[in-house]
$ cat structure24.pdb   # PDB, N, CA and C atoms
ATOM      1  N   MET A 181       0.835  -1.180   0.000
ATOM      2  CA  MET A 181       0.000   0.000   0.000
ATOM      3  C   MET A 181       0.882   1.247   0.000
ATOM      4  N   SER A 182       1.624   1.390  -1.054
ATOM      5  CA  SER A 182       2.526   2.537  -1.171
ATOM      6  C   SER A 182       1.770   3.860  -1.234
ATOM      7  N   SER A 183       0.480   3.818  -1.525
ATOM      8  CA  SER A 183      -0.301   5.057  -1.532
ATOM      9  C   SER A 183      -0.414   5.656  -0.131
ATOM     10  N   ILE A 184      -0.237   4.837   0.895
ATOM     11  CA  ILE A 184      -0.282   5.322   2.274
ATOM     12  C   ILE A 184       1.117   5.704   2.740
ATOM     13  N   GLY A 185       2.102   4.861   2.436
ATOM     14  CA  GLY A 185       3.463   5.155   2.845
ATOM     15  C   GLY A 185       4.392   3.996   2.548
ATOM     16  N   ALA A 186       5.682   4.267   2.583
ATOM     17  CA  ALA A 186       6.690   3.248   2.290
ATOM     18  C   ALA A 186       6.649   2.139   3.336
ATOM     19  N   GLY A 187       6.587   0.900   2.881
ATOM     20  CA  GLY A 187       6.591  -0.246   3.776
ATOM     21  C   GLY A 187       5.236  -0.650   4.321
ATOM     22  N   VAL A 188       4.177   0.061   3.964
ATOM     23  CA  VAL A 188       2.838  -0.259   4.463
ATOM     24  C   VAL A 188       2.253  -1.410   3.648
ATOM     25  N   CYS A 189       1.707  -2.402   4.365
ATOM     26  CA  CYS A 189       1.114  -3.586   3.730
ATOM     27  C   CYS A 189      -0.310  -3.781   4.240
ATOM     28  N   GLU A 190      -1.004  -4.743   3.627
ATOM     29  CA  GLU A 190      -2.347  -5.060   4.108
ATOM     30  C   GLU A 190      -2.557  -6.557   4.104
ATOM     31  N   ILE A 191      -3.396  -6.990   5.019
ATOM     32  CA  ILE A 191      -3.848  -8.379   5.076
ATOM     33  C   ILE A 191      -5.314  -8.353   4.694
ATOM     34  N   ARG A 192      -5.683  -9.238   3.789
ATOM     35  CA  ARG A 192      -7.079  -9.344   3.356
ATOM     36  C   ARG A 192      -7.650 -10.653   3.891
ATOM     37  N   ILE A 193      -8.788 -10.557   4.542
ATOM     38  CA  ILE A 193      -9.436 -11.727   5.126
ATOM     39  C   ILE A 193     -10.874 -11.769   4.625
ATOM     40  N   ARG A 194     -11.288 -12.949   4.186
ATOM     41  CA  ARG A 194     -12.658 -13.118   3.709
ATOM     42  C   ARG A 194     -13.236 -14.360   4.387
ATOM     43  N   ASP A 195     -14.439 -14.208   4.953
ATOM     44  CA  ASP A 195     -15.130 -15.353   5.527
ATOM     45  C   ASP A 195     -16.625 -15.187   5.290
ATOM     46  N   GLU A 196     -17.427 -16.017   5.934
ATOM     47  CA  GLU A 196     -18.869 -15.975   5.693
ATOM     48  C   GLU A 196     -19.509 -14.669   6.175
ATOM     49  N   GLN A 197     -18.825 -13.912   7.011
ATOM     50  CA  GLN A 197     -19.371 -12.646   7.494
ATOM     51  C   GLN A 197     -18.979 -11.460   6.623
ATOM     52  N   GLY A 198     -18.061 -11.652   5.673
ATOM     53  CA  GLY A 198     -17.681 -10.564   4.783
ATOM     54  C   GLY A 198     -16.191 -10.473   4.559
ATOM     55  N   ALA A 199     -15.763  -9.314   4.078
ATOM     56  CA  ALA A 199     -14.358  -9.051   3.783
ATOM     57  C   ALA A 199     -13.807  -8.064   4.806
ATOM     58  N   PHE A 200     -12.594  -8.332   5.260
ATOM     59  CA  PHE A 200     -11.950  -7.505   6.274
ATOM     60  C   PHE A 200     -10.549  -7.139   5.808
ATOM     61  N   ARG A 201     -10.039  -6.005   6.279
ATOM     62  CA  ARG A 201      -8.691  -5.555   5.931
ATOM     63  C   ARG A 201      -7.970  -5.081   7.192
ATOM     64  N   VAL A 202      -6.669  -5.345   7.221
ATOM     65  CA  VAL A 202      -5.786  -4.809   8.256
ATOM     66  C   VAL A 202      -4.642  -4.132   7.515
ATOM     67  N   ILE A 203      -4.444  -2.855   7.760
ATOM     68  CA  ILE A 203      -3.355  -2.095   7.145
ATOM     69  C   ILE A 203      -2.295  -1.899   8.225
ATOM     70  N   TYR A 204      -1.046  -2.276   7.912
ATOM     71  CA  TYR A 204      -0.016  -2.267   8.945
ATOM     72  C   TYR A 204       1.352  -1.897   8.390
ATOM     73  N   LEU A 205       2.254  -1.569   9.315
ATOM     74  CA  LEU A 205       3.645  -1.263   8.993
ATOM     75  C   LEU A 205       4.503  -2.178   9.850
ATOM     76  N   ALA A 206       5.358  -2.991   9.232
ATOM     77  CA  ALA A 206       6.171  -3.961   9.979
ATOM     78  C   ALA A 206       7.653  -3.798   9.699
ATOM     79  N   THR A 207       8.077  -2.630   9.265
ATOM     80  CA  THR A 207       9.487  -2.432   8.926
ATOM     81  C   THR A 207      10.259  -1.720  10.028
ATOM     82  N   ARG A 208       9.628  -1.412  11.132
ATOM     83  CA  ARG A 208      10.284  -0.684  12.214
ATOM     84  C   ARG A 208      10.820  -1.665  13.248
ATOM     85  N   PRO A 209      12.014  -1.443  13.771
ATOM     86  CA  PRO A 209      12.602  -2.385  14.731
ATOM     87  C   PRO A 209      11.841  -2.468  16.057
ATOM     88  N   GLU A 210      11.093  -1.434  16.407
ATOM     89  CA  GLU A 210      10.392  -1.450  17.688
ATOM     90  C   GLU A 210       9.102  -2.261  17.662
ATOM     91  N   GLY A 211       8.646  -2.662  16.494
ATOM     92  CA  GLY A 211       7.450  -3.494  16.450
ATOM     93  C   GLY A 211       6.606  -3.267  15.213
ATOM     94  N   ILE A 212       5.425  -3.844  15.253
ATOM     95  CA  ILE A 212       4.460  -3.735  14.158
ATOM     96  C   ILE A 212       3.409  -2.698  14.543
ATOM     97  N   TYR A 213       3.163  -1.784  13.635
ATOM     98  CA  TYR A 213       2.127  -0.764  13.838
ATOM     99  C   TYR A 213       0.899  -1.145  13.018
ATOM    100  N   VAL A 214      -0.230  -1.365  13.682
ATOM    101  CA  VAL A 214      -1.496  -1.586  12.981
ATOM    102  C   VAL A 214      -2.109  -0.207  12.780
ATOM    103  N   LEU A 215      -2.178   0.212  11.522
ATOM    104  CA  LEU A 215      -2.666   1.549  11.202
ATOM    105  C   LEU A 215      -4.184   1.617  11.163
ATOM    106  N   HIS A 216      -4.807   0.524  10.701
ATOM    107  CA  HIS A 216      -6.266   0.520  10.609
ATOM    108  C   HIS A 216      -6.736  -0.900  10.341
ATOM    109  N   ALA A 217      -7.871  -1.281  10.923
ATOM    110  CA  ALA A 217      -8.519  -2.567  10.670
ATOM    111  C   ALA A 217     -10.011  -2.288  10.511
ATOM    112  N   PHE A 218     -10.622  -2.889   9.502
ATOM    113  CA  PHE A 218     -12.017  -2.566   9.215
ATOM    114  C   PHE A 218     -12.661  -3.645   8.362
ATOM    115  N   GLN A 219     -13.993  -3.640   8.343
ATOM    116  CA  GLN A 219     -14.752  -4.519   7.456
ATOM    117  C   GLN A 219     -15.088  -3.745   6.198
ATOM    118  N   LYS A 220     -14.832  -4.365   5.061
ATOM    119  CA  LYS A 220     -15.148  -3.714   3.790
ATOM    120  C   LYS A 220     -16.621  -3.919   3.467
ATOM    121  N   LYS A 221     -17.248  -2.853   3.046
ATOM    122  CA  LYS A 221     -18.667  -2.905   2.672
ATOM    123  C   LYS A 221     -18.845  -2.810   1.159
ATOM    124  N   THR A 222     -17.828  -2.294   0.465
ATOM    125  CA  THR A 222     -17.895  -2.133  -0.991
ATOM    126  C   THR A 222     -16.601  -2.671  -1.606
ATOM    127  N   ARG A 223     -16.540  -2.711  -2.928
ATOM    128  CA  ARG A 223     -15.337  -3.203  -3.608
ATOM    129  C   ARG A 223     -14.143  -2.278  -3.414
ATOM    130  N   ARG A 224     -14.377  -0.982  -3.420
ATOM    131  CA  ARG A 224     -13.293  -0.014  -3.232
ATOM    132  C   ARG A 224     -13.116   0.304  -1.756
ATOM    133  N   THR A 225     -11.871   0.525  -1.370
ATOM    134  CA  THR A 225     -11.598   0.981  -0.014
ATOM    135  C   THR A 225     -11.976   2.455   0.065
ATOM    136  N   SER A 226     -12.743   2.810   1.076
ATOM    137  CA  SER A 226     -13.251   4.175   1.164
ATOM    138  C   SER A 226     -12.123   5.178   1.414
ATOM    139  N   GLU A 227     -12.352   6.399   0.971
ATOM    140  CA  GLU A 227     -11.388   7.477   1.187
ATOM    141  C   GLU A 227     -11.178   7.711   2.676
ATOM    142  N   ARG A 228     -12.219   7.565   3.453
ATOM    143  CA  ARG A 228     -12.117   7.752   4.899
ATOM    144  C   ARG A 228     -11.137   6.750   5.498
ATOM    145  N   ASP A 229     -11.241   5.485   5.116
ATOM    146  CA  ASP A 229     -10.335   4.457   5.637
ATOM    147  C   ASP A 229      -8.894   4.720   5.209
ATOM    148  N   LEU A 230      -8.693   5.101   3.956
ATOM    149  CA  LEU A 230      -7.347   5.402   3.466
ATOM    150  C   LEU A 230      -6.767   6.627   4.162
ATOM    151  N   ARG A 231      -7.585   7.642   4.349
ATOM    152  CA  ARG A 231      -7.133   8.873   5.006
ATOM    153  C   ARG A 231      -6.746   8.596   6.459
ATOM    154  N   LEU A 232      -7.543   7.787   7.144
ATOM    155  CA  LEU A 232      -7.259   7.454   8.532
ATOM    156  C   LEU A 232      -5.931   6.697   8.653
ATOM    157  N   ALA A 233      -5.711   5.718   7.792
ATOM    158  CA  ALA A 233      -4.451   4.974   7.815
ATOM    159  C   ALA A 233      -3.271   5.886   7.500
ATOM    160  N   THR A 234      -3.445   6.800   6.554
ATOM    161  CA  THR A 234      -2.378   7.737   6.191
ATOM    162  C   THR A 234      -2.040   8.664   7.354
ATOM    163  N   GLU A 235      -3.051   9.180   8.037
ATOM    164  CA  GLU A 235      -2.823  10.057   9.185
ATOM    165  C   GLU A 235      -2.081   9.320  10.293
ATOM    166  N   ARG A 236      -2.460   8.076  10.541
ATOM    167  CA  ARG A 236      -1.794   7.291  11.581
ATOM    168  C   ARG A 236      -0.354   6.979  11.184
ATOM    169  N   PHE A 237      -0.117   6.693   9.906
ATOM    170  CA  PHE A 237       1.244   6.450   9.424
ATOM    171  C   PHE A 237       2.122   7.685   9.654
ATOM    172  N   LYS A 238       1.589   8.844   9.341
ATOM    173  CA  LYS A 238       2.351  10.083   9.489
ATOM    174  C   LYS A 238       2.633  10.418  10.954
ATOM    175  N   SER A 239       1.846   9.896  11.874
ATOM    176  CA  SER A 239       2.039  10.191  13.298
ATOM    177  C   SER A 239       3.091   9.301  13.958
ATOM    178  N   ILE A 240       3.589   8.281  13.257
ATOM    179  CA  ILE A 240       4.608   7.394  13.810
ATOM    180  C   ILE A 240       5.927   8.164  13.898
ATOM    181  N   PRO A 241       6.554   8.182  15.082
ATOM    182  CA  PRO A 241       7.835   8.890  15.220
ATOM    183  C   PRO A 241       8.905   8.273  14.322
ATOM    184  N   ARG A 242       9.699   9.124  13.727
ATOM    185  CA  ARG A 242      10.745   8.640  12.827
ATOM    186  C   ARG A 242      12.089   8.745  13.482
TER     187      ARG A 242
END
$ encode --input "structure24.pdb" --output "structure tokens"
Amino acid sequence: MSSIGAGVCEIRIRDEQGAFRVIYLATRPEGIYVLHAFQKKTRRTSERDLRLATERFKSIPR
């Protein structure tokens, strides 16, 4: 998910209850940052979800 930031990845999960996403950053030595986790309601990821993950990514101390 380079649209959010360098090193950001996502896990996609699908089951009988729907589709879920976890957006995370795992390139930092101090640990894994989960930027956002949500249930998808449509085919496209909403701008709100992308914006929230981007804001959280930018708040990580460098």
$ residues_around --input "structure24.pdb" --residues "Arg236 of chain A" --least-positions-apart "5" --cutoff "8 Å" --atoms "only N, CA and C atoms" --output "list in words"
Val214, Leu215, His216, Leu230 and Arg231 of chain A
$ resolve_selection --input "structure24.pdb" --expression "the PyMOL selection byres ((chain A and resi 218) around 8)" --output "list of chain:residue names"
A:Ala199, A:Phe200, A:Arg201, A:Val202, A:Ile203, A:His216, A:Ala217, A:Gln219, A:Lys220, A:Lys221
$ residues_around --input "structure24.pdb" --residues "Ala186 of chain A" --least-positions-apart "6" --cutoff "8 Å" --atoms "only N, CA and C atoms" --output "list of chain:residue names"
A:Leu205, A:Ala206, A:Thr207
$ write_last_selection --input "structure24.pdb" --atoms "N, CA and C atoms" --output "tab-separated table (two decimals), in the frame of the given file"
chain	number	residue	atom	x	y	z
A	205	LEU	N	2.25	-1.57	9.32
A	205	LEU	CA	3.64	-1.26	8.99
A	205	LEU	C	4.50	-2.18	9.85
A	206	ALA	N	5.36	-2.99	9.23
A	206	ALA	CA	6.17	-3.96	9.98
A	206	ALA	C	7.65	-3.80	9.70
A	207	THR	N	8.08	-2.63	9.26
A	207	THR	CA	9.49	-2.43	8.93
A	207	THR	C	10.26	-1.72	10.03
$ closest_residue --input "structure24.pdb" --among "A:Tyr213, A:Leu232, A:Tyr204, A:Gly198" --to "Met181 of chain A" --atoms "only C-alpha atoms"
A:Tyr204
$ axis_aligned_box --input "structure24.pdb" --around "segment 183-192 of chain A" --padding-each-side "6 Å" --output "lines of an AutoDock Vina configuration file"
center_x = -0.5
center_y = -2.5
center_z = 1.8
size_x = 26.3
size_y = 28.4
size_z = 18.6
$ atom_distance --input "structure24.pdb" --atom1 "atom N of Phe237 of chain A" --atom2 "atom C of Ile184 of chain A"
7.3 Å
$ atom_distance --input "structure24.pdb" --atom1 "atom C of Arg228 of chain A" --atom2 "atom N of Arg208 of chain A"
23.0 Å
$ atom_distance --input "structure24.pdb" --atom1 "atom CA of Glu210 of chain A" --atom2 "atom CA of Asp229 of chain A"
24.7 Å
